[in-house]
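First the structure, in the form of structure tokens, and then the observations on it.
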Amino acid sequence: MTKLTAIESNRQLLDGGAMFGNAPRTVWERWFPPDGIGRISLACRCMLIEIGDIKILCEAGIGAFFGPKLAERFGVQTPTRHRLRENLLARDYPLESIDYVILSHLHFDHAGGLLPTYQEQQSGNNGLVFPNAKFIVGSEAWERALHPHARDRASFIPGLTDKLLKTGRLLRMPQDPLPAEISKHLEFLFTSGHTPGHMHTLFSGDAGGKVFFCGDLIPGRAWVHLPITMGYDRFPEQLIDEKAKTYVRAVSEDWILFYTHDPEYAGSHVKLAESGKYEPQDLQRDFNLFTI
């Protein structure tokens, strides 16, 4: 049996203007009301896939690895607590039970949860928190982390690639073979509008349903609309074209889109409305042991 659960990491507050690129504040503040300094609340939601006894975690969220100054700058909520670890344990999934961690890319808000809290690191715990997991990342995203551009260098965690390599459990797609025990359920699709080599997991369940981990291609329901992009996207026009291409298949195959950053909704289907616009449909607040 295949199951899916939404698991949150720490949340964060980021500038709404940065999250909505060239969309004016009078538009985006109706979707996500900002705080007094213009920040909006964002989830860092991870997707737990179960294939029989095998547990696969898509992403690790932002975690709590930042020191106080950077945690404040990036609006990390409950910055001394590793919320992903807590939320996994609350569902009886200790970190040791995770067999695979899939990383769409290595920006800190998607990979920071691989690390212990800042306080734990100060006490000498400098390893990764998943002691048994194999780590799956796209080869182009990996190279980007090794050789970032000046524009996005601050998005990567210094030393993380070294830690991943030292585990001996790193798989880079597509050149490394995906283990047979999971390969029939997973397909990887690549985009580069947000960051080069962004890898999206398409999960196919035993019952025939499909769930697409959007990552930063479609951070949440407001970004389903094709023209809406982020200021963080490297190539916004390319990203719009990539969304349009994704929707063609998502509509025809009735995919569920899984949103990592939406503060309220974990996912939805997508439809092409009579107006010619793509819109989220059947919004879901949570996926808790969702059989698919």
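Naming works like this for the structure tokens: A, B, ... for the chains as they're shown, residue 1 at the start of each chain, ligands 1 onward in shown order.
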Neighbour list for Thr195 of chain A as a PyMOL selection string, cut-off 9 Å, only C-alpha atoms, skip fewer than 5 positions in-chain: chain A and resi 105+141+144+152+216+232-235
Take the residues just selected and output them with N, CA and C atoms as a compact mmCIF listing (two decimals), in the first residue's frame.
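Saved the output as part.txt:
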```txt
# COMPACT_ATOMS: atom_id res chain seq x y z
N HIS A 105 16.18 20.86 -4.66
CA HIS A 105 17.36 21.68 -4.86
C HIS A 105 17.93 21.96 -3.47
N ALA A 141 21.34 20.52 -10.08
CA ALA A 141 21.16 21.28 -8.84
C ALA A 141 22.37 21.12 -7.93
N ARG A 144 25.03 23.36 -9.16
CA ARG A 144 24.70 24.74 -8.83
C ARG A 144 25.09 25.06 -7.39
N ASP A 152 22.69 34.11 -6.20
CA ASP A 152 22.02 33.15 -5.32
C ASP A 152 22.97 32.44 -4.35
N ASP A 216 9.56 25.03 -5.71
CA ASP A 216 9.44 26.46 -5.97
C ASP A 216 8.95 26.79 -7.37
N TYR A 232 12.68 35.70 -6.42
CA TYR A 232 13.82 34.80 -6.25
C TYR A 232 14.07 33.93 -7.48
N ASP A 233 13.13 33.90 -8.42
CA ASP A 233 13.29 33.05 -9.60
C ASP A 233 14.38 33.59 -10.50
N ARG A 234 15.25 32.69 -10.95
CA ARG A 234 16.36 33.13 -11.81
C ARG A 234 15.87 33.54 -13.19
N PHE A 235 14.91 32.81 -13.74
CA PHE A 235 14.45 33.07 -15.10
C PHE A 235 12.92 33.04 -15.13
```
Those in segment 126-270 of chain A with helix (DSSP H, G or I) from DSSP, as JSON, numbers by chain: {"A": [139, 140, 141, 142, 143, 144, 145, 146, 153, 154, 155, 160, 161, 162, 163, 164, 165, 166, 167, 180, 181, 182, 183, 221, 222, 223, 224, 236, 237, 238, 239, 240, 241, 242, 243, 244, 245, 246, 247, 248, 249, 250, 251, 252]}
Please provide as a PyMOL selection string all residues within 9 Å of segment 37-50 of chain A, with the sequence filter that same-chain residues fewer than 2 positions apart are discarded (counting only C-alpha atoms). chain A and resi 1-17+19+29+32-35+52-63+75+84+109-110+203+213+258-264+266+287+289
Best match for closeness to Gly208 of chain A among A:Ala244, A:Gly127, A:Phe135, A:Ile292, counting only C-alpha atoms: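 Answer, going by the shortest atom-to-atom distance: A:Ile292.
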Pick out the closest residue to Pro219 of chain A from this set: A:Pro177, A:Asp206, A:Pro68, A:Tyr265. Count only C-alpha atoms.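 Nearest to Pro219 of chain A: A:Tyr265.
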Nearest-residue call for His198 of chain A, choices A:Leu160, A:Ile240, A:Val137, A:Leu165, using only C-alpha atoms: A:Val137
Could the residues of segment 146-259 of chain A that have an atom at most 8 Å from segment 271-284 of chain A be listed as JSON lines, each with its closest atom pair and the distance in Å to one decimal, counting only C-alpha atoms and ordered by chain and ascending residue number?
```
{"residue": "A:Arg221", "atom": "CA", "partner": "A:Pro280", "partner_atom": "CA", "distance": 6.2}
{"residue": "A:Val224", "atom": "CA", "partner": "A:Glu279", "partner_atom": "CA", "distance": 6.2}
{"residue": "A:His225", "atom": "CA", "partner": "A:Tyr278", "partner_atom": "CA", "distance": 5.8}
{"residue": "A:Leu226", "atom": "CA", "partner": "A:Tyr278", "partner_atom": "CA", "distance": 7.1}
{"residue": "A:Tyr247", "atom": "CA", "partner": "A:Tyr278", "partner_atom": "CA", "distance": 7.9}
{"residue": "A:Val251", "atom": "CA", "partner": "A:Lys271", "partner_atom": "CA", "distance": 6.2}
```
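Between atom CA of Thr161 of chain A and atom CA of Phe130 of chain A lies a distance of 14.8 Å.
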Top pick for closest residue to His82 of chain A, considering A:Leu70, A:Glu96, A:Asn125, A:Phe65 and counting only C-alpha atoms: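 For His82 of chain A, the nearest of the candidates is A:Phe65.
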From the list A:Gly124, A:Arg30, A:Asn288, A:Pro131, which residue is nearest Asn87 of chain A when using only C-alpha atoms? A:Asn288
Leaving out Leu217 of chain A and any residue of its chain fewer than 5 positions from it, which residues lie within 9 Å of it when counting only C-alpha atoms, given as a short mmCIF file (atom, residue, chain, number, x, y, z; two decimals) with N, CA and C atoms, in the first residue's frame?
```cif
data_model
loop_
_atom_site.label_atom_id
_atom_site.label_comp_id
_atom_site.auth_asym_id
_atom_site.auth_seq_id
_atom_site.Cartn_x
_atom_site.Cartn_y
_atom_site.Cartn_z
N THR A 191 12.97 21.35 -13.99
CA THR A 191 12.76 22.70 -14.49
C THR A 191 13.97 23.54 -14.09
N SER A 192 14.08 24.73 -14.70
CA SER A 192 15.22 25.57 -14.38
C SER A 192 14.86 27.05 -14.25
N GLY A 193 13.58 27.38 -14.29
CA GLY A 193 13.18 28.78 -14.17
C GLY A 193 13.47 29.34 -12.78
N HIS A 194 13.27 28.54 -11.75
CA HIS A 194 13.57 29.02 -10.40
C HIS A 194 15.06 28.92 -10.12
N HIS A 198 16.24 22.23 -10.98
CA HIS A 198 15.20 22.00 -9.97
C HIS A 198 14.49 20.68 -10.29
N HIS A 200 11.63 17.82 -9.56
CA HIS A 200 10.30 17.62 -9.00
C HIS A 200 9.97 16.14 -8.97
N TRP A 223 0.35 31.03 -6.73
CA TRP A 223 1.31 30.97 -7.82
C TRP A 223 0.87 30.02 -8.94
N THR A 229 5.09 34.94 -10.46
CA THR A 229 6.40 34.34 -10.18
C THR A 229 7.00 35.03 -8.95
N ASP A 233 13.13 33.90 -8.42
CA ASP A 233 13.29 33.05 -9.60
C ASP A 233 14.38 33.59 -10.50
N LEU A 239 10.21 30.12 -16.29
CA LEU A 239 9.40 29.44 -15.28
C LEU A 239 7.93 29.42 -15.69
N ILE A 240 7.43 30.51 -16.24
CA ILE A 240 6.04 30.56 -16.69
C ILE A 240 5.80 29.50 -17.77
N GLU A 242 7.45 26.77 -18.15
CA GLU A 242 7.56 25.46 -17.51
C GLU A 242 6.28 25.12 -16.74
N LYS A 243 5.68 26.11 -16.10
CA LYS A 243 4.39 25.86 -15.45
C LYS A 243 3.35 25.45 -16.47
#
```
Between A:Thr291, A:Phe190, A:Pro196, A:Asn22, which is the closest to Thr246 of chain A once you count only C-alpha atoms?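 Once distances to Thr246 of chain A are computed over only C-alpha atoms, the minimum belongs to A:Phe190.
Here atom CA of Ala222 of chain A stands at a distance of 21.7 Å from atom CA of Val76 of chain A.
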Figure out the distance between atom CA of Ala64 of chain A and atom CA of Pro116 of chain A, please, to one decimal in Å.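 So the two atoms, atom CA of Pro116 of chain A and atom CA of Ala64 of chain A, lie 7.2 Å apart.
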Counting only C-alpha atoms, what is within 7 Å of segment 181-189 of chain A, bar same-chain residues fewer than 6 positions away, as a list in words?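 After dropping sequence-adjacent residues, the list is Met199, His200, Thr201, Leu202, Phe203, Ser204 and Gly205 of chain A.
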For N, CA and C atoms, I'd like the residues from the last selection saved as a tab-separated table (two decimals), in the first residue's frame.
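Written file, selection-v9.tsv:
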```tsv
chain	number	residue	atom	x	y	z
A	199	MET	N	14.50	19.74	-9.33
A	199	MET	CA	13.99	18.39	-9.56
A	199	MET	C	12.67	18.19	-8.82
A	200	HIS	N	11.63	17.82	-9.56
A	200	HIS	CA	10.30	17.62	-9.00
A	200	HIS	C	9.97	16.14	-8.97
A	201	THR	N	9.48	15.67	-7.83
A	201	THR	CA	9.09	14.27	-7.68
A	201	THR	C	7.63	14.10	-8.08
A	202	LEU	N	7.38	13.18	-9.01
A	202	LEU	CA	6.02	12.78	-9.36
A	202	LEU	C	5.82	11.38	-8.81
A	203	PHE	N	4.95	11.28	-7.82
A	203	PHE	CA	4.71	10.02	-7.12
A	203	PHE	C	3.43	9.38	-7.65
A	204	SER	N	3.52	8.12	-8.05
A	204	SER	CA	2.37	7.36	-8.53
A	204	SER	C	2.02	6.30	-7.50
A	205	GLY	N	0.80	6.35	-6.98
A	205	GLY	CA	0.37	5.42	-5.96
A	205	GLY	C	-0.18	4.13	-6.53
```
